[in-house]
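Data file: run.csv. Format and content: CSV, C-alpha atoms.
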```
chain,number,residue,atom,x,y,z
A,1,MET,CA,117.1,220.9,31.9
A,2,SER,CA,113.9,218.8,32.0
A,3,ASP,CA,112.4,217.5,35.2
A,4,THR,CA,111.6,214.2,33.6
A,5,PRO,CA,114.7,213.1,31.7
A,6,THR,CA,114.2,210.0,29.6
A,7,LEU,CA,115.6,207.0,31.4
A,8,SER,CA,117.9,204.5,29.6
A,9,SER,CA,115.6,201.6,30.5
A,10,ALA,CA,111.9,201.2,29.7
A,11,LEU,CA,111.6,198.9,32.7
A,12,LEU,CA,113.1,201.5,35.0
A,13,ASP,CA,110.9,204.2,33.4
A,14,LYS,CA,107.8,202.0,34.0
A,15,ALA,CA,108.6,201.5,37.7
A,16,VAL,CA,109.3,205.2,38.2
A,17,ASP,CA,106.0,206.0,36.5
A,18,GLU,CA,104.1,203.7,38.8
A,19,PHE,CA,105.8,205.1,41.9
A,20,SER,CA,105.2,208.7,40.9
A,21,LYS,CA,101.4,207.9,40.7
A,22,LEU,CA,101.4,207.6,44.5
A,23,PRO,CA,100.3,210.8,46.4
A,24,GLY,CA,103.1,213.1,47.4
A,25,ILE,CA,105.7,211.3,45.3
A,26,GLY,CA,107.2,213.1,42.3
A,27,ARG,CA,109.5,211.6,39.6
A,28,LYS,CA,112.7,212.5,41.4
A,29,THR,CA,111.6,210.7,44.6
A,30,ALA,CA,110.2,207.9,42.6
A,31,LEU,CA,113.6,207.4,40.9
A,32,ARG,CA,115.4,207.4,44.2
A,33,LEU,CA,113.0,204.8,45.6
A,34,VAL,CA,113.3,202.6,42.4
A,35,LEU,CA,117.1,202.8,42.4
A,36,HIS,CA,117.0,201.8,46.1
A,37,LEU,CA,114.9,198.7,45.2
A,38,LEU,CA,117.3,197.9,42.4
A,39,LYS,CA,120.1,197.6,44.9
A,40,LEU,CA,118.2,195.1,47.0
A,41,GLU,CA,118.1,191.3,46.5
A,42,PRO,CA,115.4,190.4,43.9
A,43,SER,CA,113.7,188.3,46.6
A,44,ALA,CA,113.2,191.3,48.8
A,45,VAL,CA,111.5,193.2,46.0
A,46,ASP,CA,109.3,190.1,45.3
A,47,THR,CA,108.2,190.2,48.9
A,48,PHE,CA,107.4,193.9,48.6
A,49,ALA,CA,105.4,193.4,45.4
A,50,GLN,CA,103.7,190.3,46.8
A,51,SER,CA,102.6,192.2,49.9
A,52,LEU,CA,100.8,194.7,47.7
A,53,THR,CA,99.1,192.1,45.6
A,54,ASN,CA,98.0,190.2,48.7
A,55,LEU,CA,96.7,193.3,50.3
A,56,CYS,CA,94.5,194.3,47.3
A,57,HIS,CA,93.1,190.8,46.6
A,58,ASP,CA,92.7,189.4,50.1
A,59,VAL,CA,91.8,192.3,52.3
A,60,HIS,CA,88.3,192.1,53.9
A,61,TYR,CA,86.0,194.7,55.3
A,62,CYS,CA,84.3,193.7,58.5
A,63,HIS,CA,80.6,192.9,57.6
A,64,GLN,CA,79.4,194.6,60.8
A,65,CYS,CA,81.5,197.8,61.2
A,66,HIS,CA,83.1,197.9,57.7
A,67,ASN,CA,86.5,198.4,59.1
A,68,ILE,CA,89.5,196.9,57.2
A,69,SER,CA,90.0,193.4,58.5
A,70,ASP,CA,91.6,190.1,57.6
A,71,THR,CA,88.5,188.2,58.6
A,72,ASP,CA,84.8,188.5,58.0
A,73,LEU,CA,84.2,189.9,61.4
A,74,CYS,CA,87.0,192.3,62.6
A,75,ALA,CA,89.0,191.9,65.8
A,76,ILE,CA,87.1,194.7,67.5
A,77,CYS,CA,83.6,193.4,66.7
A,78,SER,CA,84.5,189.9,67.7
A,79,ASN,CA,86.1,190.9,71.0
A,80,PRO,CA,83.7,189.8,73.8
A,81,LEU,CA,85.3,192.4,76.1
A,82,ARG,CA,84.1,195.3,74.0
A,83,ASP,CA,80.8,197.0,74.9
A,84,GLY,CA,78.3,196.2,72.2
A,85,THR,CA,75.8,198.8,73.4
A,86,GLN,CA,78.0,201.7,72.2
A,87,VAL,CA,78.6,202.3,68.5
A,88,CYS,CA,81.0,205.1,67.5
A,89,VAL,CA,80.4,206.4,63.9
A,90,VAL,CA,83.6,207.5,62.1
A,91,GLU,CA,84.5,208.5,58.7
A,92,ASN,CA,87.3,206.1,57.9
A,93,PHE,CA,89.8,203.6,59.1
A,94,GLN,CA,92.4,206.2,60.3
A,95,ASP,CA,89.8,207.6,62.7
A,96,VAL,CA,89.4,204.2,64.2
A,97,MET,CA,93.1,204.0,64.7
A,98,ALA,CA,93.2,207.5,66.3
A,99,LEU,CA,90.4,206.6,68.7
A,100,GLU,CA,91.9,203.2,69.6
A,101,ALA,CA,95.2,205.0,70.3
A,102,THR,CA,93.5,207.0,73.1
A,103,THR,CA,92.6,203.6,74.8
A,104,GLN,CA,89.6,205.5,76.3
A,105,TYR,CA,86.9,203.8,74.2
A,106,HIS,CA,85.7,200.3,74.7
A,107,GLY,CA,82.6,200.1,72.5
A,108,LEU,CA,82.3,199.2,68.8
A,109,TYR,CA,82.7,201.2,65.6
A,110,HIS,CA,80.8,201.9,62.4
A,111,VAL,CA,83.0,203.1,59.5
A,112,LEU,CA,81.0,205.2,57.0
A,113,GLY,CA,83.7,205.3,54.3
A,114,GLY,CA,83.3,209.1,54.0
A,115,VAL,CA,80.9,211.9,54.6
A,116,ILE,CA,78.0,213.3,52.6
A,117,SER,CA,79.4,215.8,50.1
A,118,PRO,CA,77.3,216.9,47.2
A,119,MET,CA,80.3,218.8,45.8
A,120,ASP,CA,82.2,215.6,45.4
A,121,GLY,CA,79.1,213.6,44.4
A,122,ILE,CA,79.0,211.6,47.6
A,123,SER,CA,75.4,211.0,48.6
A,124,PRO,CA,74.1,209.0,51.7
A,125,SER,CA,73.7,205.9,49.5
A,126,ASP,CA,77.4,205.9,48.8
A,127,LEU,CA,78.1,205.5,52.5
A,128,GLU,CA,77.4,202.8,55.1
A,129,ILE,CA,74.5,204.8,56.6
A,130,GLU,CA,71.7,202.3,55.7
A,131,SER,CA,73.7,199.5,57.3
A,132,LEU,CA,74.1,201.6,60.4
A,133,VAL,CA,70.3,202.2,60.6
A,134,GLU,CA,69.7,198.5,60.2
A,135,ARG,CA,72.3,197.7,62.8
A,136,VAL,CA,70.6,200.0,65.3
A,137,HIS,CA,67.1,198.6,64.5
A,138,GLN,CA,68.3,195.1,65.1
A,139,GLY,CA,68.6,196.1,68.8
A,140,GLY,CA,71.3,195.9,71.4
A,141,VAL,CA,72.7,199.4,70.6
A,142,GLU,CA,72.0,201.9,73.4
A,143,GLU,CA,74.2,204.8,72.3
A,144,VAL,CA,75.4,206.1,68.9
A,145,ILE,CA,78.4,208.4,69.2
A,146,LEU,CA,78.8,210.6,66.2
A,147,ALA,CA,82.6,211.2,65.7
A,148,LEU,CA,82.8,212.9,62.3
A,149,SER,CA,85.0,216.0,61.5
A,150,SER,CA,83.4,219.3,62.4
A,151,THR,CA,83.3,220.5,58.8
A,152,MET,CA,80.2,221.5,56.8
A,153,GLU,CA,80.1,217.9,55.3
A,154,GLY,CA,80.7,216.3,58.7
A,155,ASP,CA,77.9,218.3,60.3
A,156,THR,CA,75.5,217.5,57.4
A,157,THR,CA,76.2,213.8,57.8
A,158,ASN,CA,75.7,214.0,61.6
A,159,PHE,CA,72.4,215.7,61.0
A,160,TYR,CA,71.3,213.2,58.4
A,161,ILE,CA,72.2,210.3,60.7
A,162,TYR,CA,70.4,212.0,63.6
A,163,ARG,CA,67.2,212.4,61.5
A,164,ARG,CA,67.3,208.7,60.5
A,165,LEU,CA,67.8,207.5,64.1
A,166,GLN,CA,65.8,210.0,66.2
A,167,ASP,CA,62.7,207.9,66.3
A,168,VAL,CA,64.5,204.8,67.7
A,169,HIS,CA,63.2,204.2,71.2
A,170,ASP,CA,65.6,204.7,74.1
A,171,LEU,CA,68.6,205.4,71.8
A,172,LYS,CA,71.1,208.0,73.0
A,173,ILE,CA,72.8,209.9,70.2
A,174,THR,CA,75.9,211.8,71.4
A,175,THR,CA,78.8,213.6,69.7
A,176,LEU,CA,82.4,214.3,70.7
A,177,ALA,CA,83.0,217.3,72.9
A,178,ARG,CA,84.4,220.3,71.1
A,179,GLY,CA,86.4,222.8,73.0
A,180,ILE,CA,89.8,224.2,73.5
A,181,SER,CA,92.6,221.7,72.9
A,182,ILE,CA,94.6,220.6,76.0
A,183,ASN,CA,97.6,222.9,76.2
A,184,ASP,CA,96.1,225.5,73.9
A,185,GLU,CA,96.0,229.1,75.1
A,186,LEU,CA,92.7,230.9,75.4
A,187,GLN,CA,93.9,234.0,73.5
A,188,TYR,CA,94.8,232.1,70.4
A,189,THR,CA,91.6,230.0,70.3
A,190,ASP,CA,89.1,230.9,67.5
A,191,GLU,CA,85.9,232.5,68.6
A,192,VAL,CA,83.6,229.7,67.5
A,193,THR,CA,85.5,227.1,69.5
A,194,LEU,CA,85.8,229.4,72.5
A,195,GLY,CA,82.1,230.3,72.3
A,196,ARG,CA,81.0,226.7,72.1
A,197,SER,CA,83.3,225.6,75.0
A,198,LEU,CA,81.7,228.3,77.1
A,199,VAL,CA,78.1,227.3,76.3
A,200,ASN,CA,79.0,223.6,76.9
A,201,ARG,CA,81.0,224.2,80.1
A,202,VAL,CA,81.3,221.2,82.5
A,203,PRO,CA,81.5,221.0,86.3
A,204,PHE,CA,85.0,221.4,87.5
A,205,SER,CA,86.7,218.1,88.5
A,206,PHE,CA,90.2,217.1,89.4
B,1,MET,CA,100.0,207.7,71.9
B,2,SER,CA,102.3,205.3,70.0
B,3,ASP,CA,103.7,206.3,66.6
B,4,THR,CA,103.2,202.8,65.4
B,5,PRO,CA,99.6,201.7,66.3
B,6,THR,CA,98.7,198.1,65.7
B,7,LEU,CA,96.7,197.9,62.5
B,8,SER,CA,93.5,195.8,62.4
B,9,SER,CA,94.8,193.7,59.5
B,10,ALA,CA,98.0,191.7,59.2
B,11,LEU,CA,97.9,192.2,55.4
B,12,LEU,CA,97.8,195.9,55.9
B,13,ASP,CA,100.5,195.8,58.5
B,14,LYS,CA,102.8,193.8,56.2
B,15,ALA,CA,102.3,196.2,53.3
B,16,VAL,CA,103.0,199.2,55.6
B,17,ASP,CA,106.1,197.5,56.9
B,18,GLU,CA,107.4,196.9,53.4
B,19,PHE,CA,106.7,200.5,52.3
B,20,SER,CA,108.4,201.9,55.4
B,21,LYS,CA,111.6,200.1,54.6
B,22,LEU,CA,112.0,202.5,51.6
B,23,PRO,CA,114.4,205.4,52.3
B,24,GLY,CA,112.7,208.5,53.6
B,25,ILE,CA,109.4,206.8,54.1
B,26,GLY,CA,108.2,206.5,57.7
B,27,ARG,CA,105.2,204.4,59.0
B,28,LYS,CA,102.7,207.3,58.7
B,29,THR,CA,103.6,208.0,55.1
B,30,ALA,CA,103.7,204.3,54.4
B,31,LEU,CA,100.1,203.9,55.8
B,32,ARG,CA,99.0,206.9,53.6
B,33,LEU,CA,100.4,205.3,50.5
B,34,VAL,CA,99.0,201.8,51.3
B,35,LEU,CA,95.5,203.3,52.0
B,36,HIS,CA,95.8,205.0,48.6
B,37,LEU,CA,96.6,201.7,46.9
B,38,LEU,CA,93.7,200.1,48.7
B,39,LYS,CA,91.3,202.6,47.1
B,40,LEU,CA,92.6,201.7,43.6
B,41,GLU,CA,91.3,198.9,41.3
B,42,PRO,CA,93.2,195.6,42.2
B,43,SER,CA,94.4,195.5,38.6
B,44,ALA,CA,96.2,198.9,39.0
B,45,VAL,CA,98.0,197.6,42.0
B,46,ASP,CA,98.9,194.4,40.2
B,47,THR,CA,100.5,196.5,37.5
B,48,PHE,CA,102.4,198.4,40.1
B,49,ALA,CA,103.7,195.2,41.8
B,50,GLN,CA,104.4,193.6,38.4
B,51,SER,CA,106.5,196.6,37.3
B,52,LEU,CA,108.7,196.2,40.4
B,53,THR,CA,109.1,192.5,39.9
B,54,ASN,CA,109.9,192.9,36.2
B,55,LEU,CA,112.5,195.6,37.0
B,56,CYS,CA,114.4,193.5,39.5
B,57,HIS,CA,114.4,190.3,37.5
B,58,ASP,CA,114.8,191.6,33.9
B,59,VAL,CA,116.9,194.7,34.2
B,60,HIS,CA,120.3,194.5,32.4
B,61,TYR,CA,123.5,196.4,32.8
B,62,CYS,CA,125.2,197.4,29.6
B,63,HIS,CA,128.2,195.0,29.2
B,64,GLN,CA,130.4,197.9,27.9
B,65,CYS,CA,129.5,200.9,30.1
B,66,HIS,CA,127.7,199.1,33.0
B,67,ASN,CA,124.8,201.6,32.8
B,68,ILE,CA,121.3,200.4,33.5
B,69,SER,CA,119.8,199.1,30.2
B,70,ASP,CA,117.0,196.9,28.8
B,71,THR,CA,119.5,195.3,26.4
B,72,ASP,CA,122.9,193.8,26.6
B,73,LEU,CA,124.4,196.9,25.0
B,74,CYS,CA,122.8,200.2,26.1
B,75,ALA,CA,121.2,202.8,23.9
B,76,ILE,CA,124.1,205.2,24.3
B,77,CYS,CA,126.8,202.6,23.5
B,78,SER,CA,124.9,201.3,20.5
B,79,ASN,CA,124.2,204.7,19.0
B,80,PRO,CA,126.4,205.2,15.9
B,81,LEU,CA,126.1,209.0,16.3
B,82,ARG,CA,128.0,209.0,19.6
B,83,ASP,CA,131.7,209.6,19.7
B,84,GLY,CA,133.4,206.4,20.7
B,85,THR,CA,136.7,208.0,21.2
B,86,GLN,CA,135.6,209.8,24.4
B,87,VAL,CA,134.7,207.9,27.6
B,88,CYS,CA,133.3,209.8,30.5
B,89,VAL,CA,133.9,208.0,33.8
B,90,VAL,CA,131.0,208.5,36.3
B,91,GLU,CA,130.0,207.2,39.7
B,92,ASN,CA,126.5,206.0,39.0
B,93,PHE,CA,123.4,206.0,36.8
B,94,GLN,CA,122.1,209.4,38.1
B,95,ASP,CA,125.4,211.1,37.0
B,96,VAL,CA,124.8,209.8,33.4
B,97,MET,CA,121.3,211.3,33.5
B,98,ALA,CA,122.7,214.6,34.8
B,99,LEU,CA,125.3,214.8,32.0
B,100,GLU,CA,122.8,213.7,29.3
B,101,ALA,CA,120.4,216.5,30.5
B,102,THR,CA,123.1,219.1,29.6
B,103,THR,CA,123.0,217.8,25.9
B,104,GLN,CA,126.7,219.0,25.8
B,105,TYR,CA,128.3,215.5,25.7
B,106,HIS,CA,128.3,213.2,22.7
B,107,GLY,CA,130.8,210.6,23.8
B,108,LEU,CA,130.3,207.3,25.7
B,109,TYR,CA,130.2,206.6,29.5
B,110,HIS,CA,131.7,204.2,31.9
B,111,VAL,CA,129.7,203.7,35.2
B,112,LEU,CA,132.0,202.7,38.0
B,113,GLY,CA,129.2,201.9,40.5
B,114,GLY,CA,130.7,203.9,43.3
B,115,VAL,CA,134.0,205.4,44.4
B,116,ILE,CA,136.9,203.9,46.3
B,117,SER,CA,136.1,204.3,50.0
B,118,PRO,CA,138.1,202.3,52.6
B,119,MET,CA,135.7,203.6,55.3
B,120,ASP,CA,132.8,201.8,53.6
B,121,GLY,CA,134.9,198.8,52.6
B,122,ILE,CA,134.7,199.7,48.9
B,123,SER,CA,138.0,198.8,47.2
B,124,PRO,CA,139.0,199.2,43.5
B,125,SER,CA,138.0,195.5,42.9
B,126,ASP,CA,134.4,196.3,43.9
B,127,LEU,CA,134.1,198.9,41.1
B,128,GLU,CA,134.2,198.6,37.3
B,129,ILE,CA,137.8,199.9,37.1
B,130,GLU,CA,139.4,196.8,35.7
B,131,SER,CA,136.8,196.7,32.9
B,132,LEU,CA,137.6,200.4,32.2
B,133,VAL,CA,141.3,199.6,31.9
B,134,GLU,CA,140.6,196.7,29.6
B,135,ARG,CA,138.2,198.8,27.5
B,136,VAL,CA,140.9,201.5,27.0
B,137,HIS,CA,143.6,198.9,26.2
B,138,GLN,CA,141.4,197.4,23.5
B,139,GLY,CA,142.0,200.7,21.6
B,140,GLY,CA,139.7,203.2,20.0
B,141,VAL,CA,139.5,205.4,23.2
B,142,GLU,CA,141.4,208.7,22.8
B,143,GLU,CA,140.2,210.6,25.9
B,144,VAL,CA,139.0,209.5,29.3
B,145,ILE,CA,137.1,212.2,31.1
B,146,LEU,CA,137.1,211.7,34.9
B,147,ALA,CA,133.7,213.1,36.2
B,148,LEU,CA,133.6,211.9,39.8
B,149,SER,CA,132.5,214.0,42.8
B,150,SER,CA,135.2,216.3,44.2
B,151,THR,CA,135.3,214.6,47.5
B,152,MET,CA,138.2,212.8,49.2
B,153,GLU,CA,136.9,209.5,47.8
B,154,GLY,CA,136.3,210.9,44.4
B,155,ASP,CA,139.8,212.3,44.2
B,156,THR,CA,141.3,209.0,45.4
B,157,THR,CA,139.4,207.2,42.7
B,158,ASN,CA,140.5,209.8,40.1
B,159,PHE,CA,144.1,209.3,41.1
B,160,TYR,CA,143.9,205.5,41.1
B,161,ILE,CA,142.4,205.5,37.6
B,162,TYR,CA,145.0,208.0,36.4
B,163,ARG,CA,147.8,205.8,37.7
B,164,ARG,CA,146.3,202.7,36.0
B,165,LEU,CA,145.9,204.6,32.7
B,166,GLN,CA,148.9,206.9,32.6
B,167,ASP,CA,151.1,204.6,30.6
B,168,VAL,CA,148.6,204.1,27.8
B,169,HIS,CA,150.1,205.7,24.6
B,170,ASP,CA,148.4,208.8,23.3
B,171,LEU,CA,145.5,208.7,25.8
B,172,LYS,CA,144.3,212.1,27.0
B,173,ILE,CA,143.0,212.0,30.6
B,174,THR,CA,140.9,215.1,31.5
B,175,THR,CA,138.6,216.0,34.4
B,176,LEU,CA,135.6,218.4,34.7
B,177,ALA,CA,136.4,222.1,35.2
B,178,ARG,CA,135.9,223.2,38.7
B,179,GLY,CA,135.1,226.8,39.3
B,180,ILE,CA,132.5,229.3,40.4
B,181,SER,CA,129.0,228.2,39.5
B,182,ILE,CA,127.2,230.2,36.9
B,183,ASN,CA,125.2,232.9,38.7
B,184,ASP,CA,127.2,232.5,41.9
B,185,GLU,CA,128.7,235.7,43.5
B,186,LEU,CA,132.4,235.9,44.0
B,187,GLN,CA,132.2,237.1,47.6
B,188,TYR,CA,130.2,234.0,48.7
B,189,THR,CA,132.4,231.4,46.9
B,190,ASP,CA,134.6,229.3,49.2
B,191,GLU,CA,138.3,230.0,48.9
B,192,VAL,CA,139.3,226.6,47.6
B,193,THR,CA,137.0,226.9,44.6
B,194,LEU,CA,137.9,230.5,44.1
B,195,GLY,CA,141.6,229.7,44.2
B,196,ARG,CA,141.3,226.9,41.8
B,197,SER,CA,139.2,228.9,39.3
B,198,LEU,CA,142.0,231.6,39.4
B,199,VAL,CA,144.8,229.1,38.7
B,200,ASN,CA,142.8,227.5,35.9
B,201,ARG,CA,141.6,230.7,34.3
B,202,VAL,CA,140.7,230.5,30.7
B,203,PRO,CA,140.9,233.0,27.8
B,204,PHE,CA,137.9,235.4,27.7
B,205,SER,CA,135.4,234.4,25.0
B,206,PHE,CA,132.0,235.7,24.1
```

Could you spell out this file's structure in structure tokens?
Amino acid sequence: MSDTPTLSSALLDKAVDEFSKLPGIGRKTALRLVLHLLKLEPSAVDTFAQSLTNLCHDVHYCHQCHNISDTDLCAICSNPLRDGTQVCVVENFQDVMALEATTQYHGLYHVLGGVISPMDGISPSDLEIESLVERVHQGGVEEVILALSSTMEGDTTNFYIYRRLQDVHDLKITTLARGISINDELQYTDEVTLGRSLVNRVPFSF
Amino acid sequence: MSDTPTLSSALLDKAVDEFSKLPGIGRKTALRLVLHLLKLEPSAVDTFAQSLTNLCHDVHYCHQCHNISDTDLCAICSNPLRDGTQVCVVENFQDVMALEATTQYHGLYHVLGGVISPMDGISPSDLEIESLVERVHQGGVEEVILALSSTMEGDTTNFYIYRRLQDVHDLKITTLARGISINDELQYTDEVTLGRSLVNRVPFSF
């Protein structure tokens, strides 16, 4: 029995094809989704299709922080209550969402769009690093918080940005604390994390 | 931390909303799919959206067997090599695909669009039963094969169709053989299936 039986309708086949191009969606799931859409009112499917078209044609990226936005300057950058002296450098849009969900950060962001990765052909010029350097040189920024993943690529990117910014007068460059996760047990923590959390120990507070 | 953080773009939010209406797709998966689409060329997304719109507006149902089709008469019904004297009654389009995948059936189909289910408010008039009775009365059909699920609802529908067709002269009404699945072990088979496969035993052949 074939996993990809020929469908009786070329239209159906085309829709299933398109759905199965999405990450994590195989042909069986695609068929289930398409048959669900077939049962809906055509107007509901039009709304669905329209929302995708609108997204791809009308979405903006904030010209200051390069986050996804509906406007030229995003809601975070244009919020006068946010602290413009702090800029948190992240890899992508999801990282902004994760940090915003903590409600602990009140500064601005800078979305790089990835990390330096020679293996994947991503060089500094493919990322929003130049615009970050310019932004810092324009003044007003007192602290740059590097919040990239602690992978080889993330560390390389951190170091590259550090080198580009180290000569800026009175600029504090910080990075996220690494240590044992809240609720994690000591005995199951890997030695690198445990070692680093010992070296970077902080005064006890309650 | 909320499972549904506010997104920085209403367009993005709308697209994620629409995706998460699909069965089995939550907001996190929806966001992942939408961010994937955002990375594509706008023309690729247009093709995706267009395929859905086309599907819902232009899809036909075969006027004879009610299967999904691009034409008024589907590829199976219009194929002169198929045996028009046999009509296999199935619940939906996926059942046609499953039977076609066996390559053991060369007759035609009749897609009911569901089974009788008073609990879900589905009565015989909501299904393509009247058209099946008409089709049989028009002549040319020698055997109706009932291939519905062996659930309470399936059995009810089988019985209803049987009652509607039992008076047709020279019509054979059959149903799929129920028994132990190929490769299944006797000791793990449920007693109803085992009992029925004993009653309906067939001559040994090899």

From B:Gly113, B:Gly26, B:Glu100, B:Thr151, residue lying nearest A:Lys39 [only C-alpha atoms]:
B:Gly113

Any idea which chain B residues end up within 7 Å of chain A if we count only C-alpha atoms, as an mmCIF file with C-alpha atoms, in the coordinates of the input please?
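Result file follows (part33.cif):
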```cif
data_model
loop_
_atom_site.group_PDB
_atom_site.id
_atom_site.type_symbol
_atom_site.label_atom_id
_atom_site.label_comp_id
_atom_site.auth_asym_id
_atom_site.auth_seq_id
_atom_site.Cartn_x
_atom_site.Cartn_y
_atom_site.Cartn_z
ATOM 1 C CA MET B 1 100.000 207.700 71.900
ATOM 2 C CA PRO B 5 99.600 201.700 66.300
ATOM 3 C CA SER B 8 93.500 195.800 62.400
ATOM 4 C CA SER B 9 94.800 193.700 59.500
ATOM 5 C CA ALA B 10 98.000 191.700 59.200
ATOM 6 C CA LEU B 11 97.900 192.200 55.400
ATOM 7 C CA LEU B 12 97.800 195.900 55.900
ATOM 8 C CA LYS B 14 102.800 193.800 56.200
ATOM 9 C CA ALA B 15 102.300 196.200 53.300
ATOM 10 C CA GLU B 18 107.400 196.900 53.400
ATOM 11 C CA LEU B 22 112.000 202.500 51.600
ATOM 12 C CA PRO B 23 114.400 205.400 52.300
ATOM 13 C CA LEU B 33 100.400 205.300 50.500
ATOM 14 C CA LEU B 38 93.700 200.100 48.700
ATOM 15 C CA PRO B 42 93.200 195.600 42.200
ATOM 16 C CA VAL B 45 98.000 197.600 42.000
ATOM 17 C CA ASP B 46 98.900 194.400 40.200
ATOM 18 C CA PHE B 48 102.400 198.400 40.100
ATOM 19 C CA ALA B 49 103.700 195.200 41.800
ATOM 20 C CA SER B 51 106.500 196.600 37.300
ATOM 21 C CA LEU B 52 108.700 196.200 40.400
ATOM 22 C CA THR B 53 109.100 192.500 39.900
ATOM 23 C CA LEU B 55 112.500 195.600 37.000
ATOM 24 C CA CYS B 56 114.400 193.500 39.500
ATOM 25 C CA HIS B 57 114.400 190.300 37.500
ATOM 26 C CA VAL B 59 116.900 194.700 34.200
ATOM 27 C CA ILE B 68 121.300 200.400 33.500
ATOM 28 C CA SER B 69 119.800 199.100 30.200
ATOM 29 C CA ASP B 70 117.000 196.900 28.800
ATOM 30 C CA ALA B 75 121.200 202.800 23.900
ATOM 31 C CA ALA B 101 120.400 216.500 30.500
ATOM 32 C CA THR B 102 123.100 219.100 29.600
#
```

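Here atom CA of A:Pro118 is placed at a distance of 14.8 Å from atom CA of A:Asn158.
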
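The closest residue to B:His110, picked from B:Asp83, B:Asp155, B:Asp72, B:Glu128 and counting only C-alpha atoms, is B:Glu128.
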
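Going from atom CA of B:Leu148 over to atom CA of B:Asn92, you cover 9.3 Å.
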
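Put simply, atom CA of B:Cys77 is 14.9 Å away from atom CA of B:Leu99.
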
Using only C-alpha atoms, what residues lie at most 9 Å away from (79.2, 207.3, 64.2) (file coordinates), given as a JSON list (two decimals) with C-alpha atoms, in the frame of the given file?
```
[["chain", "number", "residue", "atom", "x", "y", "z"],
["A", 87, "VAL", "CA", 78.60, 202.30, 68.50],
["A", 88, "CYS", "CA", 81.00, 205.10, 67.50],
["A", 89, "VAL", "CA", 80.40, 206.40, 63.90],
["A", 90, "VAL", "CA", 83.60, 207.50, 62.10],
["A", 91, "GLU", "CA", 84.50, 208.50, 58.70],
["A", 109, "TYR", "CA", 82.70, 201.20, 65.60],
["A", 110, "HIS", "CA", 80.80, 201.90, 62.40],
["A", 111, "VAL", "CA", 83.00, 203.10, 59.50],
["A", 112, "LEU", "CA", 81.00, 205.20, 57.00],
["A", 132, "LEU", "CA", 74.10, 201.60, 60.40],
["A", 144, "VAL", "CA", 75.40, 206.10, 68.90],
["A", 145, "ILE", "CA", 78.40, 208.40, 69.20],
["A", 146, "LEU", "CA", 78.80, 210.60, 66.20],
["A", 147, "ALA", "CA", 82.60, 211.20, 65.70],
["A", 148, "LEU", "CA", 82.80, 212.90, 62.30],
["A", 158, "ASN", "CA", 75.70, 214.00, 61.60],
["A", 161, "ILE", "CA", 72.20, 210.30, 60.70],
["A", 175, "THR", "CA", 78.80, 213.60, 69.70]]
```

I want to know what sits within 12 Å of A:Ile122, based on only C-alpha atoms, with residues of the same chain fewer than 3 positions away left out; could you give that as a PyMOL selection string?
chain A and resi 112-119+125-128+153+156-157

For A:Thr193, work out the shell of residues within 7 Å, counting all atoms listed in the file and skipping chain neighbours fewer than 3 positions away, then give it as a PDB file with C-alpha atoms, in the frame of the given file.
```pdb
ATOM      1  CA  GLY A 179      86.400 222.800  73.000  1.00  0.00           C
ATOM      2  CA  ILE A 180      89.800 224.200  73.500  1.00  0.00           C
ATOM      3  CA  THR A 189      91.600 230.000  70.300  1.00  0.00           C
ATOM      4  CA  ASP A 190      89.100 230.900  67.500  1.00  0.00           C
ATOM      5  CA  ARG A 196      81.000 226.700  72.100  1.00  0.00           C
ATOM      6  CA  SER A 197      83.300 225.600  75.000  1.00  0.00           C
TER       7      SER A 197
END
```

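Using only C-alpha atoms, the smallest distance between any of A:Leu194, A:Leu81, A:Met152, A:Val168 and A:Gly140 comes from A:Val168.
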